[in-house]
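Chemist: Contents of target_14.cif (mmCIF, C-alpha atoms) are below:
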data_entry
loop_
_atom_site.label_atom_id
_atom_site.label_comp_id
_atom_site.auth_asym_id
_atom_site.auth_seq_id
_atom_site.Cartn_x
_atom_site.Cartn_y
_atom_site.Cartn_z
CA MET O 1 37.92 25.91 115.94
CA PRO O 2 37.32 23.74 112.89
CA THR O 3 34.39 21.40 113.30
CA SER O 4 34.53 17.66 112.64
CA SER O 5 31.73 15.94 110.72
CA ALA O 6 30.61 14.14 113.88
CA GLU O 7 30.57 17.35 115.92
CA ALA O 8 28.64 19.17 113.20
CA ALA O 9 26.06 16.43 112.99
CA ALA O 10 25.63 16.37 116.75
CA ALA O 11 25.54 20.12 117.28
CA GLY O 12 23.85 21.40 114.12
CA PRO O 13 20.16 22.29 114.40
CA ALA O 14 19.45 21.34 110.79
CA ALA O 15 18.18 17.86 110.08
CA ARG O 16 20.07 16.43 107.10
CA ARG O 17 18.25 14.61 104.31
CA THR O 18 19.00 11.02 103.34
CA PRO O 19 22.19 11.27 101.22
CA LEU O 20 21.77 10.98 97.45
CA LEU O 21 25.28 12.01 96.38
CA VAL O 22 28.17 11.02 98.67
CA LEU O 23 31.90 11.76 98.40
CA GLU O 24 34.10 9.50 100.50
CA GLY O 25 37.67 10.65 101.08
CA LEU O 26 37.95 12.08 97.57
CA THR O 27 41.52 12.96 96.59
CA ALA O 28 42.37 14.38 93.16
CA GLY O 29 44.96 16.36 91.24
CA TYR O 30 46.82 16.65 87.98
CA GLY O 31 49.91 14.56 88.73
CA GLY O 32 52.28 14.97 91.64
CA ASP O 33 50.81 16.22 94.90
CA PRO O 34 46.99 16.23 95.05
CA ILE O 35 45.05 19.50 94.82
CA VAL O 36 42.11 18.09 96.81
CA SER O 37 42.73 15.72 99.72
CA ASP O 38 40.37 13.42 101.60
CA VAL O 39 37.17 15.41 101.05
CA SER O 40 33.97 13.76 102.31
CA LEU O 41 30.52 15.28 101.98
CA ALA O 42 26.91 14.33 101.30
CA VAL O 43 24.02 15.96 99.44
CA GLY O 44 20.43 14.90 100.04
CA GLU O 45 17.33 15.37 97.89
CA GLY O 46 16.17 18.97 98.07
CA GLU O 47 19.39 20.16 99.72
CA VAL O 48 21.81 22.85 98.63
CA VAL O 49 25.29 21.94 99.81
CA ALA O 50 27.80 24.71 99.18
CA VAL O 51 31.57 24.42 98.94
CA ILE O 52 33.33 27.74 99.53
CA GLY O 53 36.96 28.72 99.78
CA ALA O 54 39.59 31.12 98.53
CA ASN O 55 40.91 31.06 94.97
CA GLY O 56 43.14 28.02 94.60
CA ALA O 57 41.45 26.08 97.41
CA GLY O 58 40.60 23.24 95.01
CA LYS O 59 36.87 23.83 94.49
CA SER O 60 36.78 23.37 90.72
CA THR O 61 39.18 20.41 90.91
CA LEU O 62 36.75 18.77 93.33
CA LEU O 63 33.86 19.19 90.89
CA LYS O 64 35.92 17.84 87.99
CA ALA O 65 36.60 14.69 90.01
CA VAL O 66 32.90 14.31 90.83
CA THR O 67 31.70 14.85 87.24
CA GLY O 68 34.11 12.48 85.50
CA ARG O 69 36.36 15.17 84.03
CA LEU O 70 39.28 14.19 86.26
CA ALA O 71 40.11 10.71 87.56
CA PRO O 72 40.32 10.69 91.38
CA MET O 73 43.55 9.45 92.95
CA ARG O 74 41.71 7.99 95.93
CA GLY O 75 38.24 7.88 97.42
CA ARG O 76 34.80 7.25 95.97
CA VAL O 77 31.82 9.07 94.49
CA ILE O 78 28.50 7.36 95.20
CA LEU O 79 25.14 8.24 93.61
CA ALA O 80 22.04 6.65 95.14
CA GLY O 81 24.16 3.78 96.46
CA ARG O 82 26.02 3.18 93.18
CA ASP O 83 29.76 3.79 92.83
CA THR O 84 30.25 6.31 90.01
CA THR O 85 33.89 7.15 90.71
CA HIS O 86 35.32 6.33 87.29
CA ARG O 87 32.28 6.98 85.11
CA SER O 88 32.44 9.34 82.13
CA GLY O 89 30.45 12.56 81.93
CA HIS O 90 27.98 10.99 79.47
CA GLN O 91 27.46 7.99 81.75
CA LEU O 92 26.88 10.26 84.73
CA ALA O 93 24.33 12.27 82.75
CA ARG O 94 22.41 9.07 82.04
CA MET O 95 22.59 8.15 85.74
CA GLY O 96 21.10 11.45 86.90
CA ILE O 97 23.91 13.97 87.43
CA GLY O 98 23.62 17.36 85.71
CA TYR O 99 26.55 19.76 85.50
CA VAL O 100 26.75 23.49 84.76
CA PRO O 101 30.37 24.63 84.26
CA GLN O 102 31.64 28.07 85.18
CA THR O 103 32.40 29.04 81.58
CA ARG O 104 31.18 27.87 78.17
CA ASP O 105 27.85 26.96 79.73
CA VAL O 106 25.78 27.86 76.64
CA PHE O 107 26.27 27.70 72.86
CA ASP O 108 26.39 31.34 71.72
CA THR O 109 25.34 30.74 68.12
CA LEU O 110 22.34 28.57 69.01
CA THR O 111 18.89 29.76 70.02
CA VAL O 112 17.42 29.22 73.46
CA THR O 113 15.43 26.25 72.18
CA GLU O 114 18.43 24.77 70.38
CA ASN O 115 20.53 25.07 73.53
CA LEU O 116 17.90 23.16 75.47
CA GLU O 117 17.68 20.51 72.76
CA MET O 118 21.44 20.04 73.01
CA GLY O 119 20.97 19.43 76.74
CA GLY O 120 18.50 16.66 75.90
CA PHE O 121 20.68 14.99 73.28
CA LEU O 122 20.26 11.59 74.95
CA LEU O 123 16.46 11.72 74.61
CA PRO O 124 14.28 10.58 71.70
CA LYS O 125 13.04 13.53 69.61
CA ALA O 126 9.49 13.48 71.00
CA ASP O 127 10.76 13.39 74.59
CA ARG O 128 13.13 16.27 73.81
CA ARG O 129 10.23 18.46 72.69
CA ARG O 130 8.28 17.53 75.83
CA ARG O 131 11.22 18.39 78.07
CA VAL O 132 11.82 21.73 76.33
CA THR O 133 8.23 22.71 77.13
CA ALA O 134 8.53 21.50 80.73
CA VAL O 135 11.85 23.25 81.35
CA LEU O 136 10.69 26.54 79.84
CA ALA O 137 7.79 26.45 82.31
CA ILE O 138 10.36 26.51 85.13
CA PHE O 139 11.97 29.66 83.67
CA PRO O 140 9.05 31.80 82.43
CA GLN O 141 11.36 34.63 81.33
CA LEU O 142 12.75 32.36 78.61
CA GLN O 143 9.32 31.51 77.20
CA SER O 144 9.18 34.80 75.27
CA MET O 145 12.56 34.30 73.59
CA PRO O 146 12.75 30.68 72.32
CA GLU O 147 14.31 31.73 68.98
CA ARG O 148 16.74 34.30 70.40
CA ARG O 149 20.38 33.35 70.02
CA ALA O 150 22.34 33.01 73.25
CA LEU O 151 24.83 35.70 72.24
CA ARG O 152 21.97 38.23 72.38
CA LEU O 153 20.97 37.30 75.93
CA SER O 154 21.85 39.19 79.09
CA GLY O 155 24.13 37.58 81.68
CA GLY O 156 21.19 36.56 83.83
CA GLU O 157 19.28 35.14 80.87
CA ARG O 158 22.31 33.14 79.76
CA LYS O 159 22.60 31.62 83.20
CA MET O 160 18.94 30.65 83.10
CA VAL O 161 19.55 28.90 79.77
CA ALA O 162 22.55 27.07 81.24
CA LEU O 163 20.49 25.86 84.20
CA ALA O 164 17.56 24.96 81.97
CA ARG O 165 19.82 22.98 79.63
CA ALA O 166 21.19 20.99 82.58
CA LEU O 167 17.61 20.15 83.62
CA MET O 168 16.67 18.61 80.28
CA LEU O 169 17.62 15.10 81.41
CA GLU O 170 15.76 15.53 84.72
CA PRO O 171 18.86 15.12 86.90
CA ARG O 172 18.49 14.02 90.49
CA VAL O 173 21.70 15.89 91.33
CA LEU O 174 22.72 19.25 89.85
CA ILE O 175 26.35 20.32 90.19
CA LEU O 176 27.00 24.05 89.74
CA ASP O 177 30.45 25.60 89.33
CA GLU O 178 30.39 29.33 90.11
CA PRO O 179 26.88 30.04 88.74
CA THR O 180 27.20 33.78 89.55
CA ALA O 181 30.56 34.29 87.78
CA ASN O 182 30.63 37.65 85.95
CA LEU O 183 27.14 38.59 87.14
CA SER O 184 26.27 41.81 88.97
CA PRO O 185 25.56 41.63 92.72
CA ASP O 186 21.80 41.93 92.11
CA LEU O 187 21.79 39.21 89.43
CA SER O 188 23.98 37.00 91.62
CA ARG O 189 21.48 37.19 94.46
CA SER O 190 18.65 36.46 92.03
CA VAL O 191 20.38 33.37 90.62
CA LEU O 192 21.14 31.97 94.06
CA ARG O 193 17.97 32.90 95.94
CA GLU O 194 15.36 32.55 93.22
CA GLN O 195 16.75 29.95 90.83
CA VAL O 196 19.15 27.68 92.71
CA ARG O 197 17.14 27.65 95.91
CA ARG O 198 13.88 27.12 94.01
CA LEU O 199 15.29 24.11 92.15
CA ALA O 200 16.35 22.56 95.44
CA ASP O 201 12.98 23.23 97.02
CA ALA O 202 11.43 21.30 94.10
CA GLY O 203 13.50 18.27 95.09
CA THR O 204 16.78 18.50 93.18
CA ALA O 205 19.96 17.81 95.15
CA ILE O 206 22.42 20.63 94.45
CA LEU O 207 26.18 20.69 95.01
CA LEU O 208 27.24 24.31 94.63
CA VAL O 209 30.73 25.77 94.34
CA GLU O 210 30.53 29.54 94.71
CA GLN O 211 33.07 32.34 95.04
CA LYS O 212 30.49 34.70 96.56
CA ALA O 213 30.76 32.80 99.80
CA PHE O 214 28.37 34.59 102.10
CA GLU O 215 25.60 34.79 99.49
CA ALA O 216 25.98 31.02 99.01
CA LEU O 217 25.90 30.36 102.76
CA GLU O 218 22.62 32.27 103.05
CA ILE O 219 20.80 29.75 100.83
CA ALA O 220 22.76 26.58 101.70
CA ASP O 221 21.29 23.87 103.90
CA TRP O 222 24.84 22.69 104.59
CA ALA O 223 28.26 23.98 103.63
CA HIS O 224 31.93 23.04 103.64
CA VAL O 225 34.86 25.46 103.79
CA LEU O 226 37.77 24.28 101.66
CA VAL O 227 41.28 25.43 102.58
CA ALA O 228 44.30 24.12 100.63
CA GLY O 229 42.21 21.27 99.26
CA ARG O 230 40.80 20.08 102.58
CA SER O 231 37.41 20.60 104.21
CA VAL O 232 38.36 22.41 107.41
CA THR O 233 34.88 23.05 108.77
CA GLU O 234 31.25 22.33 107.89
CA GLY O 235 27.77 23.07 109.14
CA PRO O 236 24.44 24.69 108.24
CA GLY O 237 25.06 27.56 105.82
CA PRO O 238 23.53 30.40 107.88
CA VAL O 239 25.32 29.14 111.02
CA LEU O 240 28.69 29.23 109.27
CA ALA O 241 27.91 32.68 107.85
CA SER O 242 27.41 34.00 111.39
CA ARG O 243 30.79 32.73 112.66
CA PRO O 244 33.37 35.52 113.02
CA ASP O 245 36.24 33.27 111.92
CA ILE O 246 34.73 32.20 108.60
CA ARG O 247 36.04 35.22 106.70
CA GLU O 248 39.55 34.30 107.85
CA VAL O 249 39.05 30.70 106.71
CA PHE O 250 37.54 31.83 103.43
CA LEU O 251 40.48 34.12 102.71
CA GLY O 252 42.86 31.21 103.23
CA ARG O 253 44.31 32.25 106.58
CA GLU O 254 44.39 29.81 109.48
CA ALA O 255 41.04 29.37 111.20
CA VAL O 256 40.81 30.96 114.63
#
Can the structure from this file be put into structure tokens for me?

Modeler:
Amino acid sequence: MPTSSAEAAAAGPAARRTPLLVLEGLTAGYGGDPIVSDVSLAVGEGEVVAVIGANGAGKSTLLKAVTGRLAPMRGRVILAGRDTTHRSGHQLARMGIGYVPQTRDVFDTLTVTENLEMGGFLLPKADRRRRVTAVLAIFPQLQSMPERRALRLSGGERKMVALARALMLEPRVLILDEPTANLSPDLSRSVLREQVRRLADAGTAILLVEQKAFEALEIADWAHVLVAGRSVTEGPGPVLASRPDIREVFLGREAV
């Protein structure tokens, strides 16, 4: 049976962190009927909260509404107690929200360093240089290739650059749209287990949309299953992964 938020909170063994990013009844679409309806969720510092669902469930639409790329029809987005519902992407970046899109997440013709500098475009020049050094320390594999152009990087290296670029402004919340898209199974596991999970363990709040549902559930502190634009069930990621009905929900069929 689908689980209500109250039931999940009461029954779940995981202790949730104090919310940093909160969605309250978020409803969004592109005109006409909404694609996403009445979605509420919370992400605390150091948490990975995953949103999974079949193709067309509304996952990317949800992230567009959170990151200022789509105006919500109803509901609110709250960051650290401040309403950010109708803020632009640039304003949200200044307020502490980083975003890594599914595609076009790096500049192919720029070097690794130049990509990172673009991520820190809001910073004074001296601070940009400091942040490039600090971010490269988080991704040691990139330290040996600062002048390599992104088009010469492997899929895994490109994803590291995309994550590193999003970290340039030291976001409190990092929003990731399909970070393993087009990556091999081994690279996908590496991105999720070693990079995404490590960033959360260092204190970043992460809202993750991921098509590889069960891999995402393995590393998620909390997760929501989206079906036809609605959150039909939620709970600790590994607990949801162990439920026999989740595959049916994920594939878009009615939950048992």

Chemist: Could you tell me which residues the PyMOL selection byres ((chain O and resi 96) around 7) grabs in this file, written as a CSV table (one decimal) with C-alpha atoms, in the frame of the given file?

Modeler:
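expr.csv written:
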chain,number,residue,atom,x,y,z
O,92,LEU,CA,26.9,10.3,84.7
O,93,ALA,CA,24.3,12.3,82.8
O,94,ARG,CA,22.4,9.1,82.0
O,95,MET,CA,22.6,8.2,85.7
O,97,ILE,CA,23.9,14.0,87.4
O,98,GLY,CA,23.6,17.4,85.7
O,171,PRO,CA,18.9,15.1,86.9
O,172,ARG,CA,18.5,14.0,90.5
O,173,VAL,CA,21.7,15.9,91.3

Chemist: Between CA of Pro34 (chain O) and CA of Val77 (chain O), measure the distance and give it in Å to one decimal.

Modeler: 16.8 Å

Chemist: Can you list what the PyMOL selection byres ((chain O and resi 108) around 10) grabs from this structure, as a count of residues only?

Modeler: 15

Chemist: Quick one: pull the distance between CA of Ala15 (chain O) and CA of Gln195 (chain O), Å, one decimal.

Modeler: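 Result for CA of Ala15 (chain O) versus CA of Gln195 (chain O): 22.8 Å, one decimal.
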
Chemist: Would you write out, as a PyMOL selection string, every residue that the PyMOL selection byres ((chain O and resi 60-66) around 7) captures in this file?

Modeler: chain O and resi 28+36+58-59+67-72+77+177

Chemist: Given the choices O:Val48, O:Leu79, O:Ala54, O:Ile35, which gets closest to Glu218 (chain O) if the distance is worked out from all atoms listed in the file?

Modeler: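 Among the listed residues, O:Val48 lies closest to Glu218 (chain O).
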
Chemist: Nearest to Pro179 (chain O) among O:Glu234, O:Ala50, O:Leu123, O:Arg148, with distances taken over only C-alpha atoms: which residue is it?

Modeler: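 Going through O:Glu234, O:Ala50, O:Leu123, O:Arg148 one by one, the smallest distance to Pro179 (chain O) is for O:Ala50.
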